[in-house]
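Structure file start_4.cif; described as mmCIF, C-alpha atoms.
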```cif
data_protein
#
loop_
_atom_site.label_atom_id
_atom_site.label_comp_id
_atom_site.auth_asym_id
_atom_site.auth_seq_id
_atom_site.Cartn_x
_atom_site.Cartn_y
_atom_site.Cartn_z
CA MET A 15 3.30 86.97 122.31
CA SER A 16 2.51 85.52 125.71
CA ASN A 17 4.01 82.23 126.78
CA LEU A 18 5.72 80.89 129.89
CA PHE A 19 9.08 82.33 128.87
CA TYR A 20 7.77 85.81 128.15
CA ARG A 21 5.85 85.91 131.42
CA THR A 22 8.95 84.76 133.32
CA PHE A 23 11.79 86.74 131.73
CA ASN A 24 10.18 89.90 130.37
CA LYS A 25 11.93 92.97 131.88
CA LYS A 26 13.95 90.73 134.23
CA ARG A 27 17.70 91.04 134.71
CA VAL A 28 19.41 87.97 133.27
CA LEU A 29 23.13 87.22 133.51
CA VAL A 30 24.60 84.76 130.99
CA THR A 31 28.20 83.65 131.40
CA GLY A 32 29.88 82.37 128.25
CA HIS A 33 27.43 84.44 126.21
CA THR A 34 29.74 84.80 123.19
CA GLY A 35 29.83 81.06 122.51
CA PHE A 36 27.56 78.87 120.41
CA LYS A 37 24.84 78.16 122.99
CA GLY A 38 25.32 81.51 124.69
CA THR A 39 24.63 83.52 121.53
CA TRP A 40 21.41 81.63 120.85
CA LEU A 41 20.33 82.05 124.49
CA ILE A 42 20.87 85.80 124.63
CA SER A 43 19.17 86.18 121.24
CA TRP A 44 16.13 84.35 122.62
CA LEU A 45 16.17 86.39 125.82
CA LYS A 46 16.21 89.61 123.78
CA THR A 47 13.02 88.51 121.98
CA LEU A 48 11.51 88.14 125.46
CA GLU A 49 12.58 91.73 126.22
CA ALA A 50 14.83 90.68 129.07
CA ASN A 51 17.56 92.97 130.39
CA VAL A 52 20.60 90.86 129.49
CA THR A 53 24.19 91.06 130.74
CA GLY A 54 26.83 88.74 129.35
CA ILE A 55 30.19 87.83 130.87
CA SER A 56 32.80 86.11 128.70
CA VAL A 57 36.56 86.14 128.60
CA ASP A 58 36.74 86.46 124.80
CA ILE A 59 35.18 85.68 121.40
CA PRO A 60 35.86 81.92 121.07
CA THR A 61 35.65 81.41 117.30
CA SER A 62 36.14 83.08 113.96
CA PRO A 63 33.68 83.52 112.32
CA SER A 64 31.58 84.31 115.37
CA HIS A 65 27.79 84.14 115.56
CA PHE A 66 27.93 86.66 118.40
CA GLU A 67 29.92 89.18 116.36
CA LYS A 68 27.90 88.72 113.17
CA THR A 69 24.64 89.45 115.01
CA ASN A 70 26.05 92.64 116.60
CA LEU A 71 24.54 91.56 119.89
CA SER A 72 27.14 93.54 121.81
CA LYS A 73 25.01 96.61 121.01
CA GLU A 74 21.85 94.97 122.39
CA ILE A 75 23.12 93.80 125.79
CA ASN A 76 25.53 94.75 128.56
CA ASP A 77 28.58 92.99 127.08
CA LEU A 78 31.37 92.41 129.63
CA ARG A 79 34.81 90.81 129.25
CA MET A 80 35.89 88.95 132.37
CA ASP A 81 37.42 85.58 133.21
CA ILE A 82 34.97 83.50 135.23
CA ASN A 83 37.81 82.94 137.75
CA ASN A 84 38.22 86.67 138.35
CA SER A 85 38.20 87.54 142.06
CA ASN A 86 36.00 90.57 141.33
CA LEU A 87 33.13 88.42 140.05
CA LYS A 88 31.12 88.82 143.27
CA LYS A 89 31.30 92.63 143.08
CA LYS A 90 30.22 92.50 139.45
CA ILE A 91 27.22 90.28 140.23
CA ASP A 92 26.20 92.50 143.16
CA LYS A 93 26.22 95.45 140.75
CA ILE A 94 24.27 93.65 137.99
CA LYS A 95 21.64 92.38 140.47
CA PRO A 96 20.43 89.48 138.29
CA ASP A 97 17.08 87.76 138.73
CA PHE A 98 18.34 84.80 136.69
CA ILE A 99 21.81 83.43 135.93
CA PHE A 100 22.70 80.92 133.21
CA HIS A 101 26.26 79.69 133.63
CA LEU A 102 27.60 78.50 130.28
CA ALA A 103 31.20 79.73 130.54
CA ALA A 104 33.37 76.68 129.91
CA GLN A 105 36.08 75.02 127.92
CA SER A 106 33.66 72.86 125.97
CA LEU A 107 35.69 70.66 123.61
CA VAL A 108 37.09 67.19 124.29
CA THR A 109 39.97 67.64 121.84
CA LYS A 110 40.99 70.97 123.35
CA SER A 111 40.85 69.48 126.84
CA HIS A 112 43.67 67.13 125.82
CA GLU A 113 45.69 70.05 124.47
CA ASP A 114 45.24 72.21 127.58
CA PRO A 115 43.94 70.12 130.48
CA LEU A 116 44.84 72.64 133.20
CA LYS A 117 42.84 75.43 131.57
CA THR A 118 39.94 73.02 131.09
CA TRP A 119 39.90 72.06 134.77
CA SER A 120 40.44 75.64 135.90
CA THR A 121 37.58 77.05 133.82
CA ASN A 122 35.09 74.23 134.25
CA VAL A 123 35.64 73.49 137.94
CA LEU A 124 37.23 76.51 139.63
CA GLY A 125 35.19 78.92 137.51
CA THR A 126 32.01 77.19 138.64
CA ALA A 127 33.22 77.34 142.25
CA ASN A 128 33.97 81.06 141.93
CA LEU A 129 30.45 81.78 140.68
CA LEU A 130 28.81 79.70 143.40
CA ASN A 131 30.99 81.31 146.05
CA SER A 132 29.97 84.73 144.72
CA LEU A 133 26.32 83.88 145.31
CA ILE A 134 26.50 82.61 148.90
CA ASP A 135 25.66 86.02 150.40
CA TYR A 136 23.51 87.27 147.52
CA LYS A 137 20.33 88.70 149.04
CA LYS A 138 18.06 89.15 146.03
CA PRO A 139 15.82 86.26 144.85
CA CYS A 140 17.65 84.63 141.94
CA VAL A 141 17.57 81.39 139.95
CA ALA A 142 20.99 80.10 138.88
CA ILE A 143 21.14 77.38 136.21
CA PHE A 144 24.53 75.68 135.82
CA ILE A 145 25.08 74.07 132.43
CA THR A 146 27.42 71.06 132.54
CA SER A 147 27.28 68.24 129.95
CA ASP A 148 25.93 64.81 129.11
CA LYS A 149 29.58 63.70 129.27
CA CYS A 150 29.54 64.08 133.07
CA TYR A 151 28.30 60.48 133.30
CA ASP A 152 30.69 57.54 133.59
CA ASN A 153 30.08 56.23 130.06
CA LYS A 154 29.76 52.46 130.01
CA GLU A 155 28.50 52.39 126.40
CA TRP A 156 25.04 51.34 127.62
CA GLU A 157 22.19 51.11 125.15
CA TRP A 158 19.81 52.83 127.57
CA GLY A 159 19.86 56.44 128.69
CA TYR A 160 21.66 57.73 131.76
CA ARG A 161 19.47 59.04 134.57
CA GLU A 162 20.36 61.94 136.83
CA THR A 163 21.14 59.48 139.63
CA ASP A 164 23.65 57.43 137.61
CA GLU A 165 27.37 57.43 138.37
CA LEU A 166 29.45 60.43 137.36
CA GLY A 167 32.88 60.13 135.79
CA GLY A 168 35.06 60.94 132.81
CA SER A 169 37.86 59.35 130.79
CA ASP A 170 39.14 62.66 129.37
CA PRO A 171 39.85 66.08 130.95
CA TYR A 172 36.65 67.64 129.59
CA SER A 173 34.34 64.86 130.82
CA GLY A 174 36.15 64.59 134.13
CA SER A 175 35.94 68.33 134.72
CA LYS A 176 32.20 68.33 134.03
CA ALA A 177 31.64 65.40 136.40
CA SER A 178 33.68 67.27 139.01
CA ALA A 179 31.62 70.42 138.43
CA GLU A 180 28.48 68.43 139.20
CA ILE A 181 29.96 67.14 142.46
CA LEU A 182 31.07 70.67 143.29
CA ILE A 183 27.61 72.14 142.65
CA ASN A 184 26.00 69.49 144.86
CA SER A 185 28.45 70.16 147.69
CA PHE A 186 27.88 73.93 147.54
CA VAL A 187 24.09 73.49 147.55
CA LYS A 188 24.18 71.21 150.59
CA SER A 189 26.63 73.48 152.41
CA PHE A 190 25.48 76.99 151.53
CA PHE A 191 22.14 77.01 149.66
CA PRO A 192 19.35 75.52 151.80
CA ASN A 193 15.78 75.61 150.56
CA ASN A 194 15.13 78.97 152.21
CA HIS A 195 18.09 80.67 150.51
CA THR A 196 17.32 83.54 148.16
CA VAL A 197 19.35 81.82 145.41
CA ARG A 198 17.90 78.67 143.87
CA VAL A 199 20.44 76.44 142.11
CA ALA A 200 20.13 73.60 139.58
CA SER A 201 22.42 71.89 137.09
CA VAL A 202 21.49 70.77 133.58
CA ARG A 203 23.02 68.16 131.30
CA ALA A 204 22.72 68.00 127.52
CA GLY A 205 24.87 67.10 124.55
CA ASN A 206 25.16 66.45 120.82
CA VAL A 207 23.85 69.94 120.18
CA ILE A 208 23.90 71.26 116.62
CA GLY A 209 22.55 74.33 114.87
CA GLY A 210 23.54 77.40 112.95
CA GLY A 211 26.33 79.57 114.27
CA ASP A 212 28.59 76.81 115.56
CA TRP A 213 32.14 77.43 114.31
CA SER A 214 34.06 75.39 116.88
CA SER A 215 36.93 73.14 115.81
CA ASN A 216 36.52 69.38 115.73
CA ARG A 217 32.73 69.44 115.71
CA ILE A 218 30.88 67.67 112.96
CA ILE A 219 28.63 70.41 111.56
CA PRO A 220 31.22 73.23 111.37
CA ASP A 221 33.79 70.73 110.06
CA VAL A 222 31.46 69.79 107.20
CA ILE A 223 30.53 73.40 106.46
CA ARG A 224 34.16 74.52 106.36
CA ALA A 225 35.09 71.60 104.09
CA TRP A 226 32.16 72.30 101.77
CA SER A 227 32.88 76.04 101.56
CA THR A 228 36.50 75.37 100.54
CA ASN A 229 35.68 72.31 98.37
CA LYS A 230 37.81 70.01 100.51
CA ALA A 231 37.17 66.59 101.99
CA VAL A 232 35.77 66.55 105.48
CA LYS A 233 37.62 64.40 108.03
CA ILE A 234 35.30 62.13 110.00
CA ARG A 235 36.95 60.80 113.16
CA ASN A 236 34.24 58.35 114.18
CA PRO A 237 31.66 57.87 111.37
CA ASN A 238 29.85 54.99 113.08
CA ALA A 239 29.49 56.72 116.45
CA THR A 240 25.82 57.01 117.37
CA ARG A 241 24.37 60.08 119.06
CA PRO A 242 20.92 61.54 119.88
CA TRP A 243 21.28 64.80 117.93
CA GLN A 244 19.33 67.90 118.95
CA HIS A 245 19.03 71.47 117.73
CA VAL A 246 20.50 74.09 120.07
CA LEU A 247 17.05 75.56 120.78
CA GLU A 248 15.91 72.25 122.30
CA PRO A 249 18.11 72.21 125.44
CA LEU A 250 17.78 75.99 125.73
CA SER A 251 14.00 75.58 125.92
CA GLY A 252 14.66 73.10 128.73
CA TYR A 253 16.93 75.50 130.61
CA LEU A 254 14.38 78.29 130.32
CA THR A 255 11.56 75.97 131.41
CA LEU A 256 13.52 74.85 134.46
CA ALA A 257 14.36 78.44 135.42
CA ALA A 258 10.70 79.43 135.09
CA HIS A 259 9.60 76.57 137.36
CA MET A 260 12.34 77.29 139.91
CA SER A 261 11.28 80.93 140.14
CA LYS A 262 7.98 79.68 141.56
CA THR A 263 8.98 76.72 143.74
CA LYS A 264 11.70 75.67 146.19
CA ARG A 265 10.97 71.97 145.78
CA ILE A 266 13.66 71.30 143.17
CA GLN A 267 16.48 73.23 144.83
CA GLY A 268 19.87 71.69 144.01
CA GLU A 269 18.57 69.09 141.59
CA SER A 270 19.94 68.07 138.18
CA PHE A 271 18.03 67.62 134.93
CA ASN A 272 18.80 65.94 131.61
CA PHE A 273 17.57 67.54 128.39
CA GLY A 274 17.70 65.55 125.19
CA PRO A 275 15.74 64.50 122.11
CA ASN A 276 13.43 61.57 121.49
CA ASP A 277 14.88 58.19 120.57
CA ASN A 278 14.11 58.73 116.87
CA GLN A 279 16.85 61.40 116.84
CA ILE A 280 19.57 58.78 117.35
CA LYS A 281 21.71 58.63 114.20
CA THR A 282 25.31 57.88 113.29
CA VAL A 283 27.78 60.64 112.45
CA SER A 284 27.76 59.34 108.87
CA ASN A 285 23.93 59.70 108.77
CA VAL A 286 24.26 63.32 109.86
CA VAL A 287 26.90 64.14 107.26
CA HIS A 288 24.86 62.66 104.40
CA SER A 289 21.74 64.48 105.63
CA ILE A 290 23.64 67.77 105.66
CA TYR A 291 24.93 67.36 102.14
CA LYS A 292 21.39 67.09 100.76
CA TYR A 293 21.10 70.82 101.41
CA LEU A 294 24.46 71.93 100.02
CA PRO A 295 24.37 73.18 96.42
CA LYS A 296 26.72 72.30 93.58
CA LYS A 297 29.47 70.57 95.53
CA SER A 298 29.86 66.85 96.04
CA LEU A 299 30.37 65.03 99.31
CA LYS A 300 33.99 64.15 99.99
CA MET A 301 34.85 62.33 103.20
CA LYS A 302 38.01 60.79 104.58
CA LYS A 303 38.74 59.00 107.83
CA GLY A 304 40.13 61.26 110.51
CA SER A 305 42.04 60.35 113.64
CA ASN A 306 40.14 59.30 116.76
CA LYS A 307 43.24 59.60 118.93
CA ASN A 308 41.20 60.83 121.91
CA ASN A 309 39.15 57.62 121.89
CA GLU A 310 35.72 59.24 121.91
CA HIS A 311 32.90 56.96 123.01
CA HIS A 312 30.67 55.36 120.39
CA PHE A 313 27.36 55.78 122.20
CA LEU A 314 25.89 58.12 124.78
CA LYS A 315 22.21 58.79 125.48
CA LEU A 316 20.31 60.55 128.25
CA ASN A 317 17.08 59.53 129.91
CA CYS A 318 14.91 62.66 130.14
CA ASP A 319 11.94 61.23 132.06
CA LYS A 320 12.61 63.55 135.00
CA ALA A 321 12.26 66.66 132.81
CA LEU A 322 9.02 65.26 131.42
CA ASN A 323 7.53 64.25 134.78
CA THR A 324 8.70 67.26 136.81
CA LEU A 325 8.63 70.09 134.26
CA ASN A 326 6.33 68.65 131.58
CA TRP A 327 9.18 69.31 129.11
CA THR A 328 9.84 67.36 125.95
CA SER A 329 11.74 68.12 122.76
CA THR A 330 10.02 69.76 119.79
CA LEU A 331 11.81 68.85 116.58
CA THR A 332 12.25 65.73 114.49
CA PHE A 333 15.68 64.77 113.17
CA ASP A 334 14.83 66.04 109.68
CA GLU A 335 13.59 69.35 111.10
CA THR A 336 16.78 69.66 113.15
CA ILE A 337 18.98 69.23 110.07
CA GLU A 338 16.77 71.51 107.96
CA MET A 339 16.89 74.36 110.50
CA THR A 340 20.64 73.98 110.87
CA MET A 341 21.34 74.06 107.15
CA GLU A 342 18.92 76.92 106.48
CA TRP A 343 20.94 79.03 108.90
CA TYR A 344 24.31 78.24 107.29
CA LEU A 345 23.03 78.77 103.75
CA ALA A 346 21.56 82.12 104.84
CA TYR A 347 24.91 83.02 106.37
CA TYR A 348 26.83 82.29 103.18
CA LYS A 349 24.26 84.21 101.16
CA ASN A 350 24.48 87.36 103.31
CA PRO A 351 26.26 87.23 106.71
CA LYS A 352 25.17 90.79 107.48
CA LYS A 353 21.54 89.63 107.75
CA ILE A 354 22.18 86.62 109.95
CA PHE A 355 20.68 88.27 113.04
CA ASN A 356 17.31 88.36 111.27
CA LYS A 357 17.65 84.67 110.39
CA THR A 358 18.52 83.80 113.98
CA ILE A 359 15.49 85.63 115.35
CA SER A 360 13.16 84.18 112.70
CA GLN A 361 14.28 80.66 113.58
CA ILE A 362 13.55 81.31 117.25
CA LYS A 363 10.09 82.62 116.35
CA ASN A 364 9.43 79.65 114.06
CA TYR A 365 10.57 77.27 116.79
CA GLU A 366 8.16 78.89 119.28
CA ASP A 367 5.31 78.67 116.77
CA LEU A 368 6.04 75.00 116.08
CA ALA A 369 6.12 74.23 119.82
CA LYS A 370 2.79 76.01 120.22
CA SER A 371 1.23 74.05 117.33
CA ARG A 372 2.39 70.85 119.05
CA LYS A 373 0.93 72.08 122.35
CA LEU A 374 4.13 71.96 124.37
CA SER A 375 3.58 73.33 127.87
CA TRP A 376 6.15 76.14 127.79
CA SER A 377 4.72 77.58 124.57
CA ARG A 378 1.41 78.48 126.22
#
```
Show me the file's structure as structure tokens.
Amino acid sequence: MSNLFYRTFNKKRVLVTGHTGFKGTWLISWLKTLEANVTGISVDIPTSPSHFEKTNLSKEINDLRMDINNSNLKKKIDKIKPDFIFHLAAQSLVTKSHEDPLKTWSTNVLGTANLLNSLIDYKKPCVAIFITSDKCYDNKEWEWGYRETDELGGSDPYSGSKASAEILINSFVKSFFPNNHTVRVASVRAGNVIGGGDWSSNRIIPDVIRAWSTNKAVKIRNPNATRPWQHVLEPLSGYLTLAAHMSKTKRIQGESFNFGPNDNQIKTVSNVVHSIYKYLPKKSLKMKKGSNKNNEHHFLKLNCDKALNTLNWTSTLTFDETIEMTMEWYLAYYKNPKKIFNKTISQIKNYEDLAKSRKLSWSR
């Protein structure tokens, strides 16, 4: 195998914060296929079941338990000496942000500040990618996609904290990370991410899977809400592409990038649920209306022209392929959870092969 990612990350030291979560587990799995030297920092295992635990990845990486707000973070980073950092550590759920707003703000804003502050005097060349969210934009329910220059904002603690994190990152870059700094910083925004291994509460795919596995009705809070759905490997391919480009150029220091699917991926929550159930054996679809007490928005889409024009990045999968990959993973898990690491790696390989067949730039 020789593609942009392998050439960039092979044998390099990569630090991933929040590595035990949904996106984090897929990212470190991918990095291991690239033979990177991976260290993960997370405060805990966020879900049960856990994709991270089922894959036994703790034996494959340097697995550390630390709160991202820990005052010793700088010393730990200086010891790890990373070439690349992917900052995913976050409180990532809207519903949970209403239940514990202070923890949400502390993790998402102060945790980001602590990491940036830890890198101000870092002397080794390093690319640091900060993952925020598509919800950082002030959602006006527009029919067109938000650009990186559009207004930030948030009507709930999660969205507000992510918008604040973006402002924070920008202020640190302008104050402490000029173009000639050894650390190159960027932020990335994505959302509506699905795929195998997600067991978070109040998210559509794990909610459906849990309901199906126990033969109960799934509660749908907002069945007519429309989203541009994407498989977890799609934004991760964007993050890796951006990091690869930043390792070679200073021209995009401090910039932000959206990563999302094509317009044909836009479907309602109800569309997604019915598509999922086509793959589930022997049990019928049972839905009931859930509460939308947190007043989630009905529509949110990103404009990803900047990623296309600057990085030559575009998404790989169709909507049907996204659902198929997701459901193949869950069905494999229920068949034999002890072999789910093999399924995870095979899906990454298949995704790379598909990208190569479609001549995407990073796959070459």
Open item on the list: Which residue is closest to Ala239 in chain A? Choose from A:Leu368, A:Ile208, A:Val57, A:Val283 and count all atoms listed in the file.
Closed with: A:Val283
TODO: Measure the distance from CA of Ser261 in chain A to CA of Pro192 in chain A in Å and round it to one decimal.
DONE: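 Distance between the two atoms: 15.2 Å.
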Task: From A:Gln105, A:Asn229, A:Thr146, A:Ser120, residue lying nearest Ala179 in chain A [all atoms listed in the file] - done: A:Thr146
Open item on the list: From the options A:Ile359, A:Val197, A:Leu78, A:Leu331, which residue's atoms come nearest to Lys138 in chain A, counting all atoms listed in the file?
Closed with: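 For Lys138 in chain A, the nearest of the given residues is A:Val197.
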- [ ] Point out the residue among A:Thr39, A:Asp77, A:Ala346, A:Thr328 with the least atom-to-atom distance to Leu374 in chain A, counting all atoms listed in the file.
- [x]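 The closest residue to Leu374 in chain A is A:Thr328.
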- [ ] Expand the PyMOL selection byres ((chain A and resi 58) around 9) into the individual residues it matches in the shown file, reporting them as a ChimeraX atom specification.
- [x] /A:32,34,56-57,59-60,79-81
- [ ] Pull the neighbourhood of (26.5, 89.1, 125.4) for me: all residues within 8 Å in file coordinates, counting all atoms listed in the file, as a list in words.
- [x]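 Protein and nucleic acid residues near the point are Val30, His33, Thr34, Gly38, Thr39, Ile42, Val52, Thr53, Gly54, Ile55, Ser56, Phe66, Leu71, Ser72, Ile75, Asn76, Asp77 and Leu78 of chain A.
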- [ ] Please identify all polymer residues lying at most 7 Å from the point (18.9, 70.5, 122.8) (file coordinates), using only C-alpha atoms, and present the result as JSON, numbers by chain.
- [x] {"A": [204, 207, 244, 245, 246, 247, 248, 249, 250, 273, 274, 275]}
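Interatomic distance, CA of Ile354 in chain A against CA of Ser43 in chain A: 11.7 Å.
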- [ ] Using CA of Phe191 in chain A and CA of Leu130 in chain A as the two end points, give the distance in Å to one decimal.
- [x]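 Separating CA of Phe191 in chain A from CA of Leu130 in chain A is a distance of 9.5 Å.
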Task: Hits of the PyMOL selection byres ((chain A and resi 48) around 9) in this structure, as a ChimeraX atom specification - done: /A:15,19-25,43-47,49-50
Enumerate, as a CSV table (one decimal) with C-alpha atoms, in the frame of the given file, the residues matched when the PyMOL selection byres ((chain A and resi 343) around 12) is run on the file above.
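Here's the written file selection14.csv:
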```
chain,number,residue,atom,x,y,z
A,65,HIS,CA,27.8,84.1,115.6
A,208,ILE,CA,23.9,71.3,116.6
A,209,GLY,CA,22.6,74.3,114.9
A,210,GLY,CA,23.5,77.4,113.0
A,211,GLY,CA,26.3,79.6,114.3
A,212,ASP,CA,28.6,76.8,115.6
A,219,ILE,CA,28.6,70.4,111.6
A,223,ILE,CA,30.5,73.4,106.5
A,245,HIS,CA,19.0,71.5,117.7
A,293,TYR,CA,21.1,70.8,101.4
A,294,LEU,CA,24.5,71.9,100.0
A,336,THR,CA,16.8,69.7,113.2
A,337,ILE,CA,19.0,69.2,110.1
A,338,GLU,CA,16.8,71.5,108.0
A,339,MET,CA,16.9,74.4,110.5
A,340,THR,CA,20.6,74.0,110.9
A,341,MET,CA,21.3,74.1,107.2
A,342,GLU,CA,18.9,76.9,106.5
A,344,TYR,CA,24.3,78.2,107.3
A,345,LEU,CA,23.0,78.8,103.8
A,346,ALA,CA,21.6,82.1,104.8
A,347,TYR,CA,24.9,83.0,106.4
A,348,TYR,CA,26.8,82.3,103.2
A,349,LYS,CA,24.3,84.2,101.2
A,350,ASN,CA,24.5,87.4,103.3
A,351,PRO,CA,26.3,87.2,106.7
A,353,LYS,CA,21.5,89.6,107.8
A,354,ILE,CA,22.2,86.6,110.0
A,355,PHE,CA,20.7,88.3,113.0
A,356,ASN,CA,17.3,88.4,111.3
A,357,LYS,CA,17.6,84.7,110.4
A,358,THR,CA,18.5,83.8,114.0
A,359,ILE,CA,15.5,85.6,115.4
A,360,SER,CA,13.2,84.2,112.7
A,361,GLN,CA,14.3,80.7,113.6
A,362,ILE,CA,13.6,81.3,117.2
```
As a short mmCIF file (atom, residue, chain, number, x, y, z; two decimals), in the frame of the given file, the rebuilt range 63-76 of chain A with N, CA and C atoms:
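Saved as result_11.cif:
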```cif
data_model
loop_
_atom_site.label_atom_id
_atom_site.label_comp_id
_atom_site.auth_asym_id
_atom_site.auth_seq_id
_atom_site.Cartn_x
_atom_site.Cartn_y
_atom_site.Cartn_z
N PRO A 63 34.67 82.48 112.05
CA PRO A 63 33.68 83.52 112.32
C PRO A 63 33.01 83.33 113.69
N SER A 64 32.27 84.34 114.09
CA SER A 64 31.58 84.31 115.37
C SER A 64 30.12 84.71 115.18
N HIS A 65 29.22 83.84 115.60
CA HIS A 65 27.79 84.14 115.56
C HIS A 65 27.50 85.39 116.36
N PHE A 66 28.14 85.50 117.53
CA PHE A 66 27.93 86.66 118.40
C PHE A 66 28.31 87.96 117.69
N GLU A 67 29.47 87.96 117.04
CA GLU A 67 29.92 89.18 116.36
C GLU A 67 29.05 89.50 115.16
N LYS A 68 28.67 88.49 114.40
CA LYS A 68 27.90 88.72 113.17
C LYS A 68 26.50 89.26 113.48
N THR A 69 25.98 88.96 114.64
CA THR A 69 24.64 89.45 115.01
C THR A 69 24.68 90.83 115.66
N ASN A 70 25.89 91.33 115.94
CA ASN A 70 26.05 92.64 116.60
C ASN A 70 25.31 92.72 117.93
N LEU A 71 25.26 91.59 118.63
CA LEU A 71 24.54 91.56 119.89
C LEU A 71 25.20 92.38 120.99
N SER A 72 26.46 92.72 120.80
CA SER A 72 27.14 93.54 121.81
C SER A 72 26.45 94.89 121.99
N LYS A 73 25.72 95.33 120.95
CA LYS A 73 25.01 96.61 121.01
C LYS A 73 23.64 96.46 121.68
N GLU A 74 23.19 95.21 121.85
CA GLU A 74 21.85 94.97 122.39
C GLU A 74 21.85 94.58 123.86
N ILE A 75 23.03 94.27 124.41
CA ILE A 75 23.12 93.80 125.79
C ILE A 75 24.25 94.53 126.50
N ASN A 76 24.38 94.28 127.78
CA ASN A 76 25.53 94.75 128.56
C ASN A 76 26.62 93.71 128.39
#
```
